[in-house]
>>> print(open('start_35.txt').read())   # compact mmCIF, C-alpha atoms
# COMPACT_ATOMS: atom_id res chain seq x y z
CA MET M 196 -6.79 17.47 76.45
CA ARG M 197 -7.25 21.13 75.75
CA ASP M 198 -10.88 21.31 76.91
CA VAL M 199 -11.01 20.60 80.66
CA HIS M 200 -14.80 20.42 80.80
CA LEU M 201 -15.08 18.15 77.77
CA HIS M 202 -12.66 15.60 79.16
CA GLY M 203 -13.76 15.94 82.77
CA ALA M 204 -10.20 16.54 83.95
CA SER M 205 -9.56 18.80 86.92
CA PRO M 206 -6.70 21.32 86.96
CA LYS M 207 -4.93 19.04 89.45
CA ARG M 208 -5.28 16.08 87.08
CA LEU M 209 -3.84 18.11 84.23
CA ARG M 210 -0.71 18.65 86.32
CA GLY M 211 -0.24 14.90 86.82
CA ARG M 212 3.26 13.58 86.33
CA ASP M 213 2.02 10.78 84.09
CA LEU M 214 0.74 13.26 81.50
CA GLN M 215 2.81 14.20 78.49
CA ARG M 216 3.11 17.84 77.42
CA PRO M 217 3.98 17.61 73.73
CA PHE M 218 2.59 21.01 72.75
CA THR M 219 1.52 24.17 74.53
CA GLY M 220 -1.98 23.64 75.92
CA VAL M 221 -2.04 19.93 75.12
CA ARG M 222 -1.86 16.99 77.50
CA SER M 223 -1.62 13.39 76.35
CA ILE M 224 -1.06 10.02 77.90
CA ALA M 225 0.72 6.87 76.71
CA LEU M 226 1.54 8.20 73.23
CA GLU M 227 4.78 7.22 71.48
CA LEU M 228 6.03 10.74 70.87
CA ASP M 229 8.99 9.46 68.86
CA SER M 230 6.40 8.41 66.29
CA VAL M 231 5.27 11.07 63.83
CA ARG M 232 1.77 9.59 63.80
CA ASP M 233 1.43 9.87 67.57
CA ARG M 234 2.86 13.40 67.60
CA CYS M 235 0.28 14.35 64.98
CA LEU M 236 -2.40 12.74 67.13
CA ALA M 237 -1.24 14.78 70.11
CA TYR M 238 -1.33 17.98 68.04
CA ALA M 239 -4.79 17.26 66.58
CA PRO M 240 -6.72 19.36 69.17
CA LEU M 241 -4.78 22.44 68.00
CA LEU M 242 -5.53 22.00 64.29
CA ARG M 243 -7.86 24.70 62.96
CA PRO M 244 -10.42 24.09 60.18
CA GLY M 245 -8.66 23.74 56.83
CA GLU M 246 -5.20 23.10 58.29
CA ALA M 247 -3.22 20.03 57.33
CA PHE M 248 0.14 18.45 57.98
CA SER M 249 2.68 19.29 55.30
CA HIS M 250 6.35 19.10 54.20
CA ARG M 251 8.41 16.43 56.03
CA THR M 252 5.48 15.57 58.27
CA ALA M 253 3.19 14.85 55.33
CA ALA M 254 5.89 12.78 53.62
CA ALA M 255 6.46 10.74 56.78
CA LEU M 256 2.72 10.10 57.19
CA TYR M 257 2.60 8.89 53.60
CA GLY M 258 5.48 6.52 54.32
CA VAL M 259 8.02 8.31 52.12
CA PRO M 260 11.56 7.42 53.30
CA LEU M 261 13.49 10.50 54.38
CA PRO M 262 16.96 11.16 55.76
CA ARG M 263 17.15 12.05 59.42
CA GLY M 264 16.36 15.66 60.10
CA ASP M 265 14.29 18.14 62.04
CA ASP M 266 11.42 16.23 63.68
CA ARG M 267 9.19 19.24 64.32
CA LEU M 268 5.70 18.96 62.87
CA HIS M 269 4.94 20.99 59.74
CA VAL M 270 1.44 22.46 59.56
CA ALA M 271 -0.01 24.24 56.52
CA SER M 272 -2.65 26.93 57.11
CA PRO M 273 -5.09 27.90 54.33
CA PRO M 274 -5.67 31.47 53.13
CA GLY M 275 -7.14 33.66 55.84
CA LEU M 276 -5.40 31.92 58.72
CA THR M 277 -2.13 32.99 60.29
CA ARG M 278 0.54 30.32 60.45
CA ALA M 279 0.44 27.79 63.26
CA ARG M 280 2.59 28.67 66.24
CA SER M 281 3.55 26.19 68.93
CA ARG M 282 6.63 24.63 70.45
CA GLY M 283 7.75 21.79 68.21
CA VAL M 284 5.79 23.04 65.19
CA VAL M 285 6.77 24.81 61.95
CA GLY M 286 3.80 26.75 60.60
CA HIS M 287 3.34 27.67 56.93
CA GLU M 288 0.88 30.24 55.58
CA HIS M 289 -0.55 29.52 52.13
CA THR M 290 -1.98 32.06 49.75
CA ASP M 291 -3.72 29.41 47.63
CA VAL M 292 -6.29 26.78 48.52
CA PHE M 293 -4.80 23.29 48.74
CA ALA M 294 -6.37 19.85 48.55
CA VAL M 295 -6.30 17.66 51.65
CA ARG M 296 -6.23 13.90 52.03
CA PHE M 297 -6.52 11.85 55.19
CA VAL M 298 -3.94 9.34 56.37
CA ASP M 299 -5.75 7.46 59.11
CA VAL M 300 -7.32 10.40 60.98
CA HIS M 301 -4.69 12.95 59.99
CA PRO M 302 -5.40 15.69 57.40
CA VAL M 303 -2.43 15.88 55.04
CA VAL M 304 -1.65 17.95 51.95
CA GLU M 305 -1.86 15.83 48.80
CA PRO M 306 1.30 13.85 47.91
CA SER M 307 2.38 15.89 44.89
CA ARG M 308 2.23 19.12 46.92
CA ALA M 309 4.16 17.52 49.78
CA TRP M 310 6.87 16.59 47.26
CA CYS M 311 7.08 20.19 46.07
CA GLN M 312 7.37 21.37 49.68
CA LEU M 313 10.32 19.04 50.23
CA ALA M 314 12.35 20.83 47.56
CA THR M 315 13.80 23.34 50.03
CA LEU M 316 14.46 20.71 52.70
CA LEU M 317 16.14 17.82 50.89
CA SER M 318 19.22 17.26 48.75
CA HIS M 319 18.77 16.61 45.04
CA ALA M 320 19.26 12.86 45.52
CA ASP M 321 16.78 12.62 48.38
CA LEU M 322 14.22 14.71 46.50
CA VAL M 323 14.46 12.23 43.62
CA ALA M 324 14.21 9.30 46.06
CA ALA M 325 11.07 10.84 47.58
CA GLY M 326 9.60 11.18 44.09
CA ASP M 327 10.47 7.54 43.35
CA ALA M 328 8.64 6.47 46.50
CA LEU M 329 5.52 8.45 45.59
CA VAL M 330 5.20 7.04 42.07
CA THR M 331 6.07 3.47 43.15
CA GLY M 332 3.50 1.60 45.19
CA ALA M 333 4.90 -0.01 48.34
CA ARG M 334 5.71 -3.69 47.86
CA LEU M 335 3.63 -6.14 49.87
CA THR M 336 4.37 -9.73 50.87
CA GLY M 337 4.07 -11.97 47.84
CA GLY M 338 5.27 -9.34 45.40
CA ARG M 339 2.03 -7.36 45.11
CA ARG M 340 2.14 -3.57 45.39
CA LEU M 341 -0.09 -0.90 46.79
CA ASP M 342 -1.31 1.72 44.34
CA PRO M 343 1.17 4.58 43.99
CA LEU M 344 0.48 7.73 45.98
CA ALA M 345 0.99 9.91 42.90
CA THR M 346 1.67 9.57 39.20
CA LEU M 347 4.62 11.06 37.38
CA GLU M 348 2.15 13.30 35.53
CA GLU M 349 0.84 14.63 38.86
CA LEU M 350 4.37 15.43 39.99
CA GLU M 351 5.04 17.20 36.69
CA HIS M 352 1.84 19.24 36.98
CA ALA M 353 2.59 20.17 40.59
CA ALA M 354 6.18 21.16 39.73
CA ARG M 355 4.99 23.43 36.92
CA ALA M 356 2.41 25.02 39.23
CA TRP M 357 5.19 25.64 41.77
CA ALA M 358 6.98 28.05 39.40
CA GLY M 359 8.16 31.21 41.12
CA ARG M 360 8.27 29.66 44.59
CA ARG M 361 11.26 28.56 46.62
CA GLY M 362 12.43 25.16 45.43
CA ALA M 363 10.96 25.43 41.92
CA ARG M 364 14.34 24.98 40.21
CA ALA M 365 15.20 22.00 42.41
CA LEU M 366 11.93 20.34 41.40
CA LEU M 367 12.58 20.81 37.70
CA ARG M 368 16.09 19.42 38.16
CA ALA M 369 14.84 16.38 40.07
CA LEU M 370 11.81 15.55 37.94
CA PRO M 371 13.64 13.97 34.94
CA HIS M 372 15.37 11.53 37.31
CA VAL M 373 12.25 10.22 39.08
CA ARG M 374 11.57 6.56 38.24
CA THR M 375 8.96 3.93 39.05
CA GLY M 376 10.20 0.76 40.68
CA PRO M 377 12.76 1.32 43.48
CA ASP M 378 11.75 -0.37 46.71
CA SER M 379 13.83 1.77 49.05
CA ARG M 380 15.62 5.07 49.46
CA PRO M 381 19.07 3.40 49.22
CA GLU M 382 18.12 1.82 45.89
CA SER M 383 17.20 5.25 44.53
CA LEU M 384 20.40 6.81 45.88
CA LEU M 385 22.47 3.95 44.43
CA ARG M 386 20.93 4.47 40.99
CA LEU M 387 21.79 8.16 41.10
CA LEU M 388 25.30 7.46 42.36
CA VAL M 389 26.21 5.15 39.48
CA GLY M 390 24.57 7.49 36.99
CA GLY M 391 26.59 10.41 38.34
CA ALA M 392 29.77 8.33 37.98
CA GLY M 393 29.22 8.03 34.25
CA PHE M 394 27.71 4.56 34.00
CA PRO M 395 24.64 3.98 31.82
CA GLU M 396 21.45 4.15 33.84
CA PRO M 397 20.76 0.67 35.25
CA VAL M 398 17.40 -1.03 34.72
CA ILE M 399 15.19 -1.27 37.80
CA GLY M 400 13.81 -4.75 38.52
CA TYR M 401 15.00 -6.35 35.27
CA GLU M 402 13.48 -9.82 34.73
CA VAL M 403 16.01 -12.66 34.81
CA ALA M 404 14.98 -16.24 34.04
CA THR M 405 17.24 -18.66 35.92
CA PRO M 406 18.05 -22.37 35.27
CA SER M 407 16.14 -23.31 38.43
CA GLY M 408 12.96 -22.01 36.83
CA ARG M 409 12.73 -19.00 39.11
CA VAL M 410 12.28 -15.54 37.63
CA LEU M 411 14.23 -12.98 39.65
CA HIS M 412 14.39 -9.20 39.54
CA PRO M 413 17.70 -7.68 40.69
CA ASP M 414 17.44 -4.24 42.27
CA LEU M 415 19.47 -2.63 39.48
CA ALA M 416 20.88 -4.30 36.40
CA TRP M 417 22.91 -3.76 33.25
CA PRO M 418 21.51 -6.52 31.02
CA GLU M 419 24.07 -5.85 28.29
CA TRP M 420 26.84 -6.88 30.72
CA LYS M 421 24.82 -9.25 32.92
CA VAL M 422 25.89 -7.27 35.96
CA ALA M 423 23.48 -6.57 38.80
CA LEU M 424 23.59 -4.39 41.92
CA GLU M 425 21.82 -5.74 44.98
CA TYR M 426 21.40 -3.44 47.98
CA GLU M 427 21.47 -5.30 51.28
CA GLY M 428 20.29 -3.51 54.40
CA ASP M 429 20.79 -4.83 57.91
CA GLY M 430 17.66 -6.96 57.58
CA HIS M 431 19.50 -9.13 55.07
CA ARG M 432 22.12 -9.85 57.73
CA THR M 433 20.05 -10.20 60.89
CA ASP M 434 17.09 -12.17 59.50
CA ARG M 435 18.24 -15.79 59.21
CA GLU M 436 15.57 -16.86 56.74
CA ARG M 437 16.18 -13.80 54.58
CA TRP M 438 19.91 -14.50 54.65
CA ARG M 439 19.26 -18.02 53.38
CA ARG M 440 16.99 -16.73 50.61
CA ASP M 441 19.69 -14.23 49.61
CA ILE M 442 22.23 -17.05 49.22
CA ARG M 443 19.89 -19.02 46.98
CA ARG M 444 18.99 -15.90 45.02
CA ARG M 445 22.65 -15.11 44.37
CA GLU M 446 23.37 -18.69 43.33
CA ASP M 447 20.45 -18.69 40.89
CA LEU M 448 21.53 -15.41 39.32
CA GLU M 449 25.12 -16.59 39.00
CA ALA M 450 23.90 -19.83 37.41
CA ALA M 451 22.17 -17.65 34.82
CA GLY M 452 25.53 -16.06 34.02
CA TRP M 453 25.15 -12.86 36.03
CA ARG M 454 27.78 -11.09 38.15
CA ILE M 455 26.27 -9.77 41.40
CA ILE M 456 27.70 -6.76 43.24
CA ARG M 457 26.37 -6.63 46.78
CA VAL M 458 26.07 -3.14 48.20
CA THR M 459 25.77 -2.25 51.89
CA ALA M 460 25.02 1.00 53.71
CA ASP M 461 28.74 1.44 54.40
CA ASP M 462 29.48 1.19 50.67
CA LEU M 463 26.78 3.68 49.75
CA PHE M 464 27.12 6.25 52.51
CA ALA M 465 30.65 5.87 53.90
CA ASP M 466 32.73 4.83 50.90
CA PRO M 467 30.93 5.62 47.63
CA GLY M 468 34.27 6.12 45.87
CA GLY M 469 35.36 2.62 46.79
CA LEU M 470 32.04 1.23 45.60
CA ILE M 471 32.37 2.95 42.22
CA ALA M 472 35.89 1.57 41.85
CA ARG M 473 34.61 -1.94 42.60
CA ILE M 474 31.85 -1.59 40.01
CA ARG M 475 34.35 -0.35 37.41
CA SER M 476 36.57 -3.34 38.11
CA VAL M 477 33.74 -5.85 37.64
CA ILE M 478 32.53 -4.23 34.44
CA ALA M 479 36.06 -4.13 33.09
CA LEU M 480 36.33 -7.89 33.65
CA VAL M 481 33.07 -8.76 31.90
CA THR M 482 33.71 -6.47 28.92
CA ARG M 483 37.21 -7.68 28.06
>>> encode(input="start_35.txt", output="structure tokens")
Amino acid sequence: MRDVHLHGASPKRLRGRDLQRPFTGVRSIALELDSVRDRCLAYAPLLRPGEAFSHRTAAALYGVPLPRGDDRLHVASPPGLTRARSRGVVGHEHTDVFAVRFVDVHPVVEPSRAWCQLATLLSHADLVAAGDALVTGARLTGGRRLDPLATLEELEHAARAWAGRRGARALLRALPHVRTGPDSRPESLLRLLVGGAGFPEPVIGYEVATPSGRVLHPDLAWPEWKVALEYEGDGHRTDRERWRRDIRRREDLEAAGWRIIRVTADDLFADPGGLIARIRSVIALVTR
């Protein structure tokens, strides 16, 4: 509510205790300010023509999974405008014109540019995971997918155009590892972990025909060994119906002669060395 006359709010009303003060000169009410979408909505009155949300903010609006980090909004300003300045905002001046898309009502830099901007903010593994998410359409109920936000060719073109800027080398290092298919950040990180440990790169979503007649697609698989890695987040444990489906899924894969290695967040993030040792042990058994 930056414009008092437009909104019909008196100075006394603007000092009301029920009003939120997310940014200098902005008042809002009943927004979920822990949500990036609502914070962007609160900031909208301060956006100048041509500005767009960028970096981590753009990635979050696109639904790209990111590690926890700085939750300030990132705003890109086009040539001719000084960078945005406000409490809770990181402003970025751009010397080149950039394309803008809209996510709901929010102007956002295009996905391939947002990925390039992440290169100075994320680790190598998370930069690859973000790329995976962009080139893989989100899975919907029933197995269908949304169209991907970007193609691998668009990421390649954007990375080449980023030459000479901060993060350019990180992009070129990450690009060869980006893959289509992972359904989550942990699946991408798991793939990179086993690859870094010297295992052959596992196949994403390999098709397995089971004796029950079901065709299943393990998260990651080594078909030559019939060994699969299945990442199980907390939803697999707390959702009763999902838990039951997981049991049947495992039984069907085992009936087809596969060994299943179940991976949890603790395995991946707290004890990756122990996980790698467990994988080595299983592969040693099946390759005797």
>>> closest_residue(input="start_35.txt", among="M:Glu436, M:Arg364, M:Pro306, M:Leu424", to="M:Val389", atoms="all atoms listed in the file")
M:Leu424
>>> closest_residue(input="start_35.txt", among="M:Leu415, M:Val259, M:Cys235, M:Leu317", to="M:Arg380", atoms="all atoms listed in the file")
M:Val259
>>> atom_distance(input="start_35.txt", atom1="atom CA of M:Val398", atom2="atom CA of M:Glu305")
29.2 Å
>>> closest_residue(input="start_35.txt", among="M:Asp462, M:Glu419, M:Asp342, M:Glu246", to="M:Ile474", atoms="only C-alpha atoms")
M:Asp462
>>> residues_around(input="start_35.txt", residues="stretch 440-451 of chain M", least_positions_apart="4", cutoff="8 Å", atoms="all atoms listed in the file", output="number ranges by chain")
M: 403-407, 409, 411, 431, 436, 455
